[in-house]
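Let me begin by presenting the structure, written as structure tokens, before commenting on it.
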Amino acid sequence: MSIIPGASMVIKDKKCYCDKKHLRLLITDPYTPQSYDIVRALHHLCEKIVVAVPNIGRFPQFFLFTAHSRLISKAYRIKSAKPPDTLPIMLDKGYTVTVGKEYIDELMYICEQERINCIYPSSDDEVFLLAKHKRIFEERGVIIPVNEYEVLKSIADKFNIIQLARQKEIPCPETFLATDINSPSFKETCRNNPMAIIKPRFGCAARGILFINKQDDLERWIKNNKHNAHEFVVQEYIPGDTIVNVRVYMKQDGTALHVSCSSCQRPQMIIHQSAGIIHSVEKNPVYCEKIISLLRDKKYVGYGHAQFKIDARNGEHKLMEINVRLGRGTWTEVRQGINRPLISLALFKNKEIEIPKSNDKTDMVFAYPVQDVFIFILYLFSKLGKIIKGRILCSEKTKRLPPIKEMLKHYHDIYFSGKRKVEYDNYVKFFLKDPLVSLNHWFLFCYQLRRRFKEWNF
């Protein structure tokens, strides 16, 4: 039995990758915030960490922030094209026979050269692509902690997951499948739901999402997407600003190793989430067991994150989605002593592991101070009328930006009240150790903030 330094957990197998520096880790998506969280969470267990730099042009490669970490041993430049968004559909249409196969071959070459024994994807595209080819890597001794492709596709399908949840009697928003976005029935559905969300059936990172509150939005969206072959779903908009997160760690025998619940309340952000006060909440045994049952039926293994929103109209918890990969909040659980990447890796290796009780009984703030500064500046410009189109925040009561006094109170409660322990994100905490990573991440955040603002014009 060995104690993992800094991880606050026990691994009951001395031959497990997780008890010594036996990991030779490959990161394939250095552009995601969670990829840096994974590196930070596992570096003390790694003999080496290698990064595959995607082919996206020389200048953008500079801003793949995780690749610039001092913890990275070596970086390989991938020559083949990067897999596209909404990858499940592309995979089903034979995408892997062309560019996808070349990409996998290059990853295989890196594994052979560096004797890699673990690839840890953290973006939706990478997770799906590597799940499709998981067996090929496993035959060569490379573990990829992702589920089978069909399992992932079933849960990531934003229409299918709602149907599965309803079979388990889990409350959900009204959701419709739009197989033909030009059909009269689709327009009628949108007219009957004046406040609704349109999103790709297979999508990620809030790309391609439209908030509908007037008919003109719908007409403009149809015009822009009339040649888009992907399917979309139309989902009822749920008013309220309280999110309840149910995090589950599933073992290979179908039992749940650990379940935690927390809630977060903050102003409704259209472009990006601000910092929020994290409250522990009592586990709802009914909802938790139903989520576990749903994942068990799909033979799901590892970390799963079910996100509920409390409907302000009746107080009911409604399931919004289930995430099948490690998310942006990975670092928050690591700070509480629950090393999410390490636990998932151990579960896929079928190793027995004990998880300590986290300190989530104390209200905490997991803050992104630099991002919040950028968001608040953009909010002020919008409030002053410097930006004419679009809006940054959504208030259900007034349909306009919240007053400055309310925003200032929100940030005061987060950063200056002194009532709660504040934990800053990895880019602030490790700025002196990895300055280039932090600066690159903040620059990329500003660029994405601008892009999302343009997408949410209405």
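Letters A, B, ... mark the chains of the structure tokens in the order given; residue numbers begin at 1 per chain; ligand numbers begin at 1, in order shown.
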- Task: Please provide as JSON, numbers by chain all residues within 10 Å of A:Leu71, with the sequence filter that same-chain residues fewer than 5 positions apart are discarded (counting only C-alpha atoms).
- Result: {"A": [36, 39, 40, 43, 44, 46, 48, 49, 50, 66, 433, 434]}
Atoms kept (C-alpha atoms) for selection, written as a short mmCIF file (atom, residue, chain, number, x, y, z; two decimals), in the first residue's frame:
data_model
loop_
_atom_site.label_atom_id
_atom_site.label_comp_id
_atom_site.auth_asym_id
_atom_site.auth_seq_id
_atom_site.Cartn_x
_atom_site.Cartn_y
_atom_site.Cartn_z
CA TYR A 36 -2.85 21.77 -18.24
CA VAL A 39 -0.34 17.81 -16.47
CA ARG A 40 -0.34 19.54 -13.08
CA HIS A 43 3.38 15.34 -13.28
CA HIS A 44 4.69 13.94 -9.98
CA CYS A 46 5.40 10.90 -14.72
CA LYS A 48 8.16 12.11 -18.96
CA ILE A 49 5.36 14.19 -20.46
CA VAL A 50 5.22 14.56 -24.24
CA THR A 66 0.16 23.63 -22.27
CA LYS A 433 6.59 28.68 -12.42
CA ASP A 434 4.93 28.64 -15.86
#
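One finds atom CA of A:Phe137 at 26.2 Å from atom CA of A:His68.
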